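Here the structure comes first, spelled out in C-alpha cells, and everything after it is commentary.
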Amino acid sequence: MTSGIYLDHNATTQPAPQVVAEMFDALQLAWANPSSTHAPGQAARRLLADARARVAAFLGCQGAELVFTSGATEANHMAVLGALAAAQGRRRWVLSAVEHPGLLTLAQRLADEGVPVDRIGVDAQGRLDLAQARTLITDDVALVSLMGANNETGVLMPLREVAELAHARGALLHVDATQLAGKAALSFATSGADLMSVSAHKIAGPKGTGALLVRKGLVLPPLLSGRQERHRRGGTENIPGIAGFAAACDLAAATLSDDIARLLALRELLEAGLAAIEGVQIYGRDAARLPNTTCLRFGELDAEQVLSRLERAGIVASSGAACSAGGTQPSHVLLAMGASAAQARAGIRFSLGRDSRAGDIAATLAAVQRVIVPLLEPQPLAA
C-alpha cells in the first residue's frame with residue numbers, strides 16, 4: 001500500500017489484487033518453459049496463448065500482431081530501430097518534440113550516428129503542430145513516432161491525421177500508447193498505427209512487462225534474436241508477468257467507461273479548486289486531454305520544493321522534469337509549449353487513478369492551501 005494520497009498514476013500504478021493472484025498462480029502452475037514439448041511446458045504454452053488473446057482483445061489487435069516485451073521502452077526501441085533498418089531508400093525519422101525522454105534520448109543517439117531526425121513542435125496548449133507535420137513528413141521519411149497522450153500534460157495527439165500524412169508519403173506510424181491504454185478508448189485496428197508500444201504497469205499490471213503491436217504483414221528485424229514470439233523477440237517469455245498483464249487488461253476493459261467518467265469529474269473538481277488560486281497556471285486546459293491528468297505550476301515555485309512540501313502533508317505527486325544532483329531540470333514538454341526555463345522547472349503533475357476518490361481531491365486542495373499558497377503570498381518587508 002502507498003502512504004498518503006497517491007496522485008502519481010501516470011508514473012506507475014499499484015498492481016491490482018487480481019493481477020497479483022494470477023501472477024502467483026502462474027508462478028506455481030505454469031513455471032515451465034513454454035517452448036518445451038513436455039506436459040509442463042505445454043501447460044505454460046496454453047497459459048501464454050490465453051493471455052495473448054486477452055491482451056490482444058483489450059488492445060484491439062490480432063494475437064499474431066502482439067509481441068510481448070519487457071516494457072514500452074524496449075517496444076519503442078524495437079519499433080524505431082526495426083523500422084529504420086527495414087526501410088528501403090529512406091533514412092529520416094520524424095517524431096514530436098514532446099515524446100518520452102527515453103525516445104528523445106534514442107533520437108539524439110541516432111542523430112549523432114548520422115540518422116536524419118526531425119521534431120514536430122506543439123502549440124502553447126501542447127497540441128501537435130499539424131502544419132509543421134505536413135512540412136516535415138516527406139517522401140524520404142521512414143518512420144513517424146507520436147505518443148498517443150503526453151505523459152506530463154495528458155494532451156491527446158491527432159493519431160488519425162498523422163497516420164494519413166505518414167501513409168500518404170509511404171512512411172510508417174509508430175504510436176507510444178503507454179499513457180493512452182487504460183485511460184481512453186483504444187484500438188490498434190482503427191488507430192492508423194503500424195506499430196504501437198504499451199506497458200503493463202501503467203494499468204495496474206506488473207513492471208517489466210509490455211508489448212509491441214506490429215501490423216499484420218509488416219516485417220521488422222528483431223532487436224533480440226531468437227525463435228520466441230514468432231522470431232520477433234528472442235528470450236523465454238515472462239509467463240507470470242504476461243499473466244498479470246492479461247489480468248490487468250481484463251480489469252481495465254471491465255471498468256474503462258466508468259473510470260473515464262469518474263476521473264474526469266474528479267479532475268474537474270481538482271482543477272476548479274486549483275484555478276481559483278492566484279498564480280496557478282494549468283497547462284493544456286483548452287486541449288483534449290486524458291481524463292486523469294493535471295499539469296500546472298504554482299507561480300514559479302520550483303517543483304522540487306512544492307513536491308517536498310506536499311509529500312510531508314501526505315500528498316504524493318510528481319514533476320514532469322528529471323531530477324539530478326544539481327536540482328530540477330526544466331521540463332522539455334513545457335519548454336516546447338513556450339514556457340520559460342523557470343516556469344518549466346515549476347511544472348507539477350497530479351495524475352489520478354482507479355483508487356482516487358472525492359475525499360482525496362478535497363484533502364489535496366486543503367494541503368495546497370495550507371503548505372503551498374503561503375509561499376505565493378507577498379512577504380512583508382523587514383523593518
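Ordering of the C-alpha cells sets the chain letters (A, B, ...); residue numbers start at 1 within each chain; ligands are numbered from 1 in the order shown.
Across segment 50-164 of chain A, DSSP run on the backbone finds strand (DSSP E) at Leu66, Val67, Phe68, Thr69, Arg92, Trp93, Val94, Leu95, Ser96, Val117, Asp118, Arg119, Ile120, Val141, Ala142, Leu143, Val144, Ser145, Leu146 and Met147 of chain A.
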Could you save the residues just selected, with N, CA and C atoms, as an mmCIF file, in the first residue's frame?
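Generated file (part-v1.cif):
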```cif
data_model
loop_
_atom_site.group_PDB
_atom_site.id
_atom_site.type_symbol
_atom_site.label_atom_id
_atom_site.label_comp_id
_atom_site.auth_asym_id
_atom_site.auth_seq_id
_atom_site.Cartn_x
_atom_site.Cartn_y
_atom_site.Cartn_z
ATOM 1 N N LEU A 66 0.827 -9.250 -31.786
ATOM 2 C CA LEU A 66 1.263 -8.877 -30.445
ATOM 3 C C LEU A 66 2.604 -9.517 -30.099
ATOM 4 N N VAL A 67 3.585 -8.697 -29.766
ATOM 5 C CA VAL A 67 4.910 -9.165 -29.360
ATOM 6 C C VAL A 67 5.129 -8.755 -27.904
ATOM 7 N N PHE A 68 5.248 -9.718 -27.002
ATOM 8 C CA PHE A 68 5.488 -9.377 -25.605
ATOM 9 C C PHE A 68 6.935 -8.935 -25.413
ATOM 10 N N THR A 69 7.111 -7.873 -24.632
ATOM 11 C CA THR A 69 8.429 -7.292 -24.364
ATOM 12 C C THR A 69 8.592 -7.073 -22.868
ATOM 13 N N ARG A 92 15.065 9.051 -42.839
ATOM 14 C CA ARG A 92 14.636 10.067 -41.880
ATOM 15 C C ARG A 92 13.606 9.525 -40.895
ATOM 16 N N TRP A 93 13.735 10.028 -39.670
ATOM 17 C CA TRP A 93 12.789 9.717 -38.598
ATOM 18 C C TRP A 93 12.223 11.031 -38.093
ATOM 19 N N VAL A 94 10.917 11.135 -38.040
ATOM 20 C CA VAL A 94 10.232 12.325 -37.545
ATOM 21 C C VAL A 94 9.452 11.942 -36.301
ATOM 22 N N LEU A 95 9.605 12.734 -35.260
ATOM 23 C CA LEU A 95 8.874 12.483 -34.009
ATOM 24 C C LEU A 95 8.489 13.812 -33.395
ATOM 25 N N SER A 96 7.595 13.778 -32.430
ATOM 26 C CA SER A 96 7.190 15.029 -31.796
ATOM 27 C C SER A 96 8.241 15.482 -30.797
ATOM 28 N N VAL A 117 17.058 13.238 -38.204
ATOM 29 C CA VAL A 117 15.942 13.232 -37.243
ATOM 30 C C VAL A 117 15.342 14.629 -37.184
ATOM 31 N N ASP A 118 14.019 14.713 -37.278
ATOM 32 C CA ASP A 118 13.314 15.993 -37.161
ATOM 33 C C ASP A 118 12.221 15.874 -36.119
ATOM 34 N N ARG A 119 11.945 16.995 -35.457
ATOM 35 C CA ARG A 119 10.937 17.012 -34.403
ATOM 36 C C ARG A 119 9.809 17.962 -34.751
ATOM 37 N N ILE A 120 8.580 17.499 -34.532
ATOM 38 C CA ILE A 120 7.388 18.316 -34.756
ATOM 39 C C ILE A 120 7.070 19.053 -33.464
ATOM 40 N N VAL A 141 10.979 10.048 -45.540
ATOM 41 C CA VAL A 141 10.751 9.668 -44.141
ATOM 42 C C VAL A 141 10.424 8.179 -44.060
ATOM 43 N N ALA A 142 11.145 7.469 -43.195
ATOM 44 C CA ALA A 142 10.878 6.045 -42.981
ATOM 45 C C ALA A 142 9.832 5.833 -41.894
ATOM 46 N N LEU A 143 9.886 6.661 -40.855
ATOM 47 C CA LEU A 143 9.055 6.430 -39.667
ATOM 48 C C LEU A 143 8.666 7.746 -39.030
ATOM 49 N N VAL A 144 7.409 7.805 -38.578
ATOM 50 C CA VAL A 144 6.923 8.907 -37.739
ATOM 51 C C VAL A 144 6.534 8.313 -36.399
ATOM 52 N N SER A 145 7.038 8.892 -35.302
ATOM 53 C CA SER A 145 6.702 8.429 -33.955
ATOM 54 C C SER A 145 5.913 9.512 -33.228
ATOM 55 N N LEU A 146 4.849 9.097 -32.591
ATOM 56 C CA LEU A 146 3.969 10.041 -31.901
ATOM 57 C C LEU A 146 3.330 9.358 -30.707
ATOM 58 N N MET A 147 3.428 9.982 -29.536
ATOM 59 C CA MET A 147 2.774 9.402 -28.368
ATOM 60 C C MET A 147 1.264 9.606 -28.470
#
```
#### Entry: alpha helix (DSSP H) call set, DSSP backbone run, segment 253-349 of chain A, as a PyMOL selection string
chain A and resi 253-275+303-312+332-336+341-344
Could you please take those selected residues and save N, CA and C atoms as a compact mmCIF listing (two decimals), in the first residue's frame?
```
# COMPACT_ATOMS: atom_id res chain seq x y z
N ALA A 253 -10.62 -3.28 -19.09
CA ALA A 253 -11.72 -3.37 -20.05
C ALA A 253 -13.07 -3.31 -19.34
N ALA A 254 -13.15 -3.94 -18.18
CA ALA A 254 -14.43 -4.02 -17.45
C ALA A 254 -14.83 -2.68 -16.83
N THR A 255 -13.85 -1.82 -16.53
CA THR A 255 -14.15 -0.59 -15.79
C THR A 255 -13.87 0.68 -16.58
N LEU A 256 -13.40 0.57 -17.83
CA LEU A 256 -12.90 1.74 -18.55
C LEU A 256 -13.93 2.85 -18.67
N SER A 257 -15.13 2.54 -19.12
CA SER A 257 -16.14 3.58 -19.32
C SER A 257 -16.45 4.31 -18.02
N ASP A 258 -16.65 3.56 -16.95
CA ASP A 258 -16.94 4.18 -15.66
C ASP A 258 -15.74 4.97 -15.16
N ASP A 259 -14.54 4.43 -15.36
CA ASP A 259 -13.33 5.12 -14.90
C ASP A 259 -13.16 6.46 -15.60
N ILE A 260 -13.40 6.50 -16.90
CA ILE A 260 -13.24 7.74 -17.66
C ILE A 260 -14.16 8.82 -17.11
N ALA A 261 -15.43 8.49 -16.91
CA ALA A 261 -16.39 9.48 -16.42
C ALA A 261 -16.06 9.92 -15.01
N ARG A 262 -15.71 8.97 -14.15
CA ARG A 262 -15.43 9.30 -12.75
C ARG A 262 -14.17 10.14 -12.62
N LEU A 263 -13.12 9.77 -13.34
CA LEU A 263 -11.86 10.51 -13.25
C LEU A 263 -11.99 11.90 -13.83
N LEU A 264 -12.76 12.03 -14.90
CA LEU A 264 -12.97 13.36 -15.48
C LEU A 264 -13.67 14.28 -14.47
N ALA A 265 -14.66 13.76 -13.77
CA ALA A 265 -15.35 14.56 -12.76
C ALA A 265 -14.41 14.96 -11.63
N LEU A 266 -13.56 14.03 -11.21
CA LEU A 266 -12.60 14.34 -10.15
C LEU A 266 -11.58 15.36 -10.62
N ARG A 267 -11.12 15.22 -11.86
CA ARG A 267 -10.14 16.18 -12.37
C ARG A 267 -10.73 17.58 -12.45
N GLU A 268 -11.97 17.67 -12.89
CA GLU A 268 -12.61 18.99 -12.97
C GLU A 268 -12.76 19.61 -11.59
N LEU A 269 -13.07 18.77 -10.61
CA LEU A 269 -13.17 19.26 -9.23
C LEU A 269 -11.81 19.76 -8.75
N LEU A 270 -10.76 19.02 -9.03
CA LEU A 270 -9.41 19.42 -8.65
C LEU A 270 -9.01 20.72 -9.32
N GLU A 271 -9.26 20.80 -10.63
CA GLU A 271 -8.81 21.98 -11.37
C GLU A 271 -9.60 23.23 -11.02
N ALA A 272 -10.86 23.05 -10.67
CA ALA A 272 -11.65 24.21 -10.24
C ALA A 272 -11.06 24.82 -8.98
N GLY A 273 -10.65 23.96 -8.04
CA GLY A 273 -10.02 24.46 -6.82
C GLY A 273 -8.66 25.07 -7.06
N LEU A 274 -7.87 24.47 -7.93
CA LEU A 274 -6.53 24.98 -8.22
C LEU A 274 -6.59 26.29 -8.99
N ALA A 275 -7.51 26.38 -9.95
CA ALA A 275 -7.59 27.58 -10.79
C ALA A 275 -8.00 28.81 -9.99
N ALA A 303 9.52 23.00 -8.64
CA ALA A 303 8.73 21.78 -8.41
C ALA A 303 9.25 20.96 -7.25
N GLU A 304 10.56 20.89 -7.11
CA GLU A 304 11.13 20.09 -6.03
C GLU A 304 10.66 20.59 -4.66
N GLN A 305 10.62 21.90 -4.50
CA GLN A 305 10.16 22.49 -3.24
C GLN A 305 8.68 22.19 -3.01
N VAL A 306 7.87 22.33 -4.05
CA VAL A 306 6.43 22.09 -3.93
C VAL A 306 6.15 20.63 -3.60
N LEU A 307 6.80 19.73 -4.33
CA LEU A 307 6.56 18.30 -4.11
C LEU A 307 6.99 17.85 -2.72
N SER A 308 8.09 18.39 -2.23
CA SER A 308 8.55 18.04 -0.90
C SER A 308 7.54 18.47 0.17
N ARG A 309 7.02 19.66 0.03
CA ARG A 309 6.03 20.15 0.99
C ARG A 309 4.73 19.33 0.91
N LEU A 310 4.31 19.02 -0.31
CA LEU A 310 3.10 18.23 -0.46
C LEU A 310 3.25 16.84 0.15
N GLU A 311 4.40 16.23 -0.08
CA GLU A 311 4.59 14.88 0.46
C GLU A 311 4.58 14.88 1.98
N ARG A 312 5.18 15.90 2.58
CA ARG A 312 5.14 15.99 4.05
C ARG A 312 3.71 16.18 4.54
N HIS A 332 11.11 19.38 -20.72
CA HIS A 332 11.21 19.62 -22.16
C HIS A 332 9.83 19.80 -22.78
N VAL A 333 8.82 19.21 -22.16
CA VAL A 333 7.46 19.36 -22.66
C VAL A 333 6.98 20.80 -22.49
N LEU A 334 7.17 21.35 -21.30
CA LEU A 334 6.72 22.72 -21.05
C LEU A 334 7.55 23.73 -21.84
N LEU A 335 8.84 23.46 -22.00
CA LEU A 335 9.67 24.32 -22.85
C LEU A 335 9.13 24.34 -24.28
N ALA A 336 8.77 23.16 -24.79
CA ALA A 336 8.23 23.08 -26.15
C ALA A 336 6.90 23.83 -26.27
N ALA A 341 12.41 28.82 -18.79
CA ALA A 341 13.12 27.78 -18.04
C ALA A 341 12.63 27.72 -16.61
N ALA A 342 12.41 28.88 -15.98
CA ALA A 342 11.93 28.91 -14.59
C ALA A 342 10.53 28.31 -14.49
N GLN A 343 9.68 28.63 -15.44
CA GLN A 343 8.33 28.07 -15.44
C GLN A 343 8.35 26.56 -15.70
N ALA A 344 9.25 26.13 -16.57
CA ALA A 344 9.34 24.70 -16.89
C ALA A 344 9.92 23.90 -15.72
```
Tell me, counting only C-alpha atoms, for each residue of segment 123-220 of chain A within 12 Å of segment 71-74 of chain A, which pair of atoms is nearest and how far apart they are in Å to one decimal, in rows ordered by chain and increasing number, as a Markdown table.
```
| residue | atom | partner | partner_atom | distance |
| --- | --- | --- | --- | --- |
| A:Met147 | CA | A:Ala72 | CA | 11.4 |
| A:Val175 | CA | A:Ala72 | CA | 10.7 |
| A:Asp176 | CA | A:Ala72 | CA | 7.6 |
| A:Ala177 | CA | A:Ala72 | CA | 8.6 |
| A:Thr178 | CA | A:Ala72 | CA | 6.6 |
| A:Gln179 | CA | A:Ala72 | CA | 10.3 |
| A:Ala181 | CA | A:Ala72 | CA | 11.6 |
| A:Leu195 | CA | A:Ala72 | CA | 11.8 |
| A:Met196 | CA | A:Ala72 | CA | 9.1 |
| A:Ser197 | CA | A:Ala72 | CA | 5.3 |
| A:Val198 | CA | A:Ala72 | CA | 5.1 |
| A:Ser199 | CA | A:Ala72 | CA | 5.0 |
| A:Ala200 | CA | A:Gly71 | CA | 7.2 |
| A:His201 | CA | A:Gly71 | CA | 8.5 |
| A:Lys202 | CA | A:Ala72 | CA | 10.1 |
| A:Gly205 | CA | A:Gly71 | CA | 11.1 |
| A:Pro206 | CA | A:Gly71 | CA | 9.7 |
| A:Lys207 | CA | A:Gly71 | CA | 7.4 |
| A:Gly208 | CA | A:Gly71 | CA | 5.5 |
| A:Thr209 | CA | A:Gly71 | CA | 4.7 |
| A:Gly210 | CA | A:Gly71 | CA | 3.8 |
| A:Ala211 | CA | A:Gly71 | CA | 6.3 |
| A:Leu212 | CA | A:Ala72 | CA | 7.5 |
| A:Leu213 | CA | A:Ala72 | CA | 10.7 |
```
Once you have the residues from the selection above, write them out as a PDB file, in the first residue's frame, restricted to C-alpha atoms.
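File written: out34.pdb
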```pdb
ATOM      1  CA  MET A 147       2.774   9.402 -28.368  1.00  0.00           C
ATOM      2  CA  VAL A 175       2.469   5.239 -31.576  1.00  0.00           C
ATOM      3  CA  ASP A 176       3.701   5.168 -27.987  1.00  0.00           C
ATOM      4  CA  ALA A 177       0.387   4.350 -26.305  1.00  0.00           C
ATOM      5  CA  THR A 178       1.899   3.906 -22.831  1.00  0.00           C
ATOM      6  CA  GLN A 179      -0.338   6.582 -21.277  1.00  0.00           C
ATOM      7  CA  ALA A 181      -4.025   2.427 -22.872  1.00  0.00           C
ATOM      8  CA  LEU A 195       3.431  -0.071 -34.631  1.00  0.00           C
ATOM      9  CA  MET A 196       2.247   0.561 -31.069  1.00  0.00           C
ATOM     10  CA  SER A 197       4.004   0.336 -27.685  1.00  0.00           C
ATOM     11  CA  VAL A 198       2.287  -0.373 -24.357  1.00  0.00           C
ATOM     12  CA  SER A 199       3.327  -1.176 -20.783  1.00  0.00           C
ATOM     13  CA  ALA A 200       1.505  -3.242 -18.162  1.00  0.00           C
ATOM     14  CA  HIS A 201       2.491  -1.271 -15.072  1.00  0.00           C
ATOM     15  CA  LYS A 202       0.514   1.788 -16.174  1.00  0.00           C
ATOM     16  CA  GLY A 205      -0.201  -4.651 -14.055  1.00  0.00           C
ATOM     17  CA  PRO A 206       3.367  -5.685 -13.238  1.00  0.00           C
ATOM     18  CA  LYS A 207       6.535  -3.831 -14.119  1.00  0.00           C
ATOM     19  CA  GLY A 208       8.873  -5.488 -16.586  1.00  0.00           C
ATOM     20  CA  THR A 209       6.104  -6.496 -18.989  1.00  0.00           C
ATOM     21  CA  GLY A 210       4.803  -4.738 -22.078  1.00  0.00           C
ATOM     22  CA  ALA A 211       4.153  -5.255 -25.749  1.00  0.00           C
ATOM     23  CA  LEU A 212       4.845  -4.038 -29.247  1.00  0.00           C
ATOM     24  CA  LEU A 213       1.958  -4.305 -31.674  1.00  0.00           C
TER      25      LEU A 213
END
```
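Of the residues under consideration (A:Asp194, A:Leu296, A:Ala362, A:Asn151), A:Asn151 shows the shortest atom-to-atom contact distance to Asp8 of chain A when counting only C-alpha atoms.
Minimum atom-to-atom distances from A:Asn150, A:Gln329, A:Gln281, A:Ser340 to His100 of chain A were compared using only C-alpha atoms, and the lowest value belongs to A:Asn150.
Rounded to one decimal, atom CA of Ala133 of chain A and atom CA of Arg297 of chain A lie 28.7 Å from each other.
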### Task
For segment 47-60 of chain A, please output as a PyMOL selection string all residues within 6 Å (counting only C-alpha atoms; exclusion window: fewer than 3 positions along the same chain).
chain A and resi 44+63+187-189+243+246+249
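Minimum distance to Gly347 of chain A across A:Leu376, A:Leu301, A:Val371, A:Val316 (counting only C-alpha atoms) occurs at A:Leu301.
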### Message
Residues within 10 Å of Leu220 of chain A, please, as a VMD selection string. Count only C-alpha atoms; anything in the same chain fewer than 2 positions from it doesn't count.
### Response
chain A and resid 78 to 87 214 217 to 218 222 to 223 232
So that I have them on file, write out the residues from the current selection with C-alpha atoms, as a PDB file, in the first residue's frame.
```
ATOM      1  CA  MET A  78      12.182  -2.386 -31.339  1.00  0.00           C
ATOM      2  CA  ALA A  79       9.785  -0.245 -33.353  1.00  0.00           C
ATOM      3  CA  VAL A  80      12.207   2.553 -34.210  1.00  0.00           C
ATOM      4  CA  LEU A  81      15.355   0.544 -34.847  1.00  0.00           C
ATOM      5  CA  GLY A  82      13.410  -2.140 -36.696  1.00  0.00           C
ATOM      6  CA  ALA A  83      11.528   0.297 -38.922  1.00  0.00           C
ATOM      7  CA  LEU A  84      14.669   2.252 -39.802  1.00  0.00           C
ATOM      8  CA  ALA A  85      16.582  -0.946 -40.563  1.00  0.00           C
ATOM      9  CA  ALA A  86      13.789  -2.301 -42.754  1.00  0.00           C
ATOM     10  CA  ALA A  87      13.216   0.900 -44.716  1.00  0.00           C
ATOM     11  CA  VAL A 214       3.083  -4.891 -35.248  1.00  0.00           C
ATOM     12  CA  GLY A 217       2.277  -8.186 -42.889  1.00  0.00           C
ATOM     13  CA  LEU A 218       4.921  -5.773 -41.589  1.00  0.00           C
ATOM     14  CA  PRO A 222      14.223  -8.250 -34.208  1.00  0.00           C
ATOM     15  CA  LEU A 223      16.011  -6.247 -31.549  1.00  0.00           C
ATOM     16  CA  ARG A 232      10.342 -11.280 -33.451  1.00  0.00           C
TER      17      ARG A 232
END
```
### Summary
Shortest contact to Ala313 of chain A, candidates A:Leu290, A:Ala363, A:Ala21, A:Ala168, atoms counted only C-alpha atoms, goes to A:Ala363
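Relative to atom CA of Arg354 of chain A, atom CA of Leu29 of chain A is found at 29.4 Å.
Each of A:Arg127, A:Arg90, A:His77, A:Arg227 was compared to Val155 of chain A using only C-alpha atoms, and A:Arg127 turns out to be the nearest.
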### Query
Between A:Asp286, A:Asp250, A:Glu300, A:Glu99, which one has atoms that come closest to His174 of chain A, using only C-alpha atoms?
A:Glu99
### Query
Gly234 of chain A: which residues within 8 Å, counting only C-alpha atoms, same-chain residues fewer than 4 positions away excluded, as a ChimeraX atom specification?
/A:222,224-229
Go ahead and save the residues from that selection, with N, CA and C atoms, as a PDB file, in the first residue's frame.
```pdb
ATOM      1  N   PRO A 222      14.410  -8.267 -35.665  1.00  0.00           N
ATOM      2  CA  PRO A 222      14.223  -8.250 -34.208  1.00  0.00           C
ATOM      3  C   PRO A 222      15.339  -7.491 -33.501  1.00  0.00           C
ATOM      4  N   LEU A 224      16.062  -8.369 -30.378  1.00  0.00           N
ATOM      5  CA  LEU A 224      16.660  -9.520 -29.700  1.00  0.00           C
ATOM      6  C   LEU A 224      16.373 -10.758 -30.543  1.00  0.00           C
ATOM      7  N   SER A 225      17.400 -11.364 -31.075  1.00  0.00           N
ATOM      8  CA  SER A 225      17.208 -12.519 -31.954  1.00  0.00           C
ATOM      9  C   SER A 225      16.844 -13.758 -31.154  1.00  0.00           C
ATOM     10  N   GLY A 226      16.000 -14.581 -31.733  1.00  0.00           N
ATOM     11  CA  GLY A 226      15.563 -15.814 -31.093  1.00  0.00           C
ATOM     12  C   GLY A 226      14.276 -16.278 -31.729  1.00  0.00           C
ATOM     13  N   ARG A 227      13.858 -17.491 -31.395  1.00  0.00           N
ATOM     14  CA  ARG A 227      12.683 -18.046 -32.056  1.00  0.00           C
ATOM     15  C   ARG A 227      11.380 -17.770 -31.324  1.00  0.00           C
ATOM     16  N   GLN A 228      11.456 -17.169 -30.155  1.00  0.00           N
ATOM     17  CA  GLN A 228      10.226 -16.872 -29.424  1.00  0.00           C
ATOM     18  C   GLN A 228       9.468 -15.725 -30.103  1.00  0.00           C
ATOM     19  N   GLU A 229       8.208 -15.607 -29.749  1.00  0.00           N
ATOM     20  CA  GLU A 229       7.347 -14.538 -30.272  1.00  0.00           C
ATOM     21  C   GLU A 229       7.414 -14.466 -31.802  1.00  0.00           C
TER      22      GLU A 229
END
```
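Between atom CA of Leu128 of chain A and atom CA of Cys295 of chain A the interatomic distance comes to 17.0 Å.
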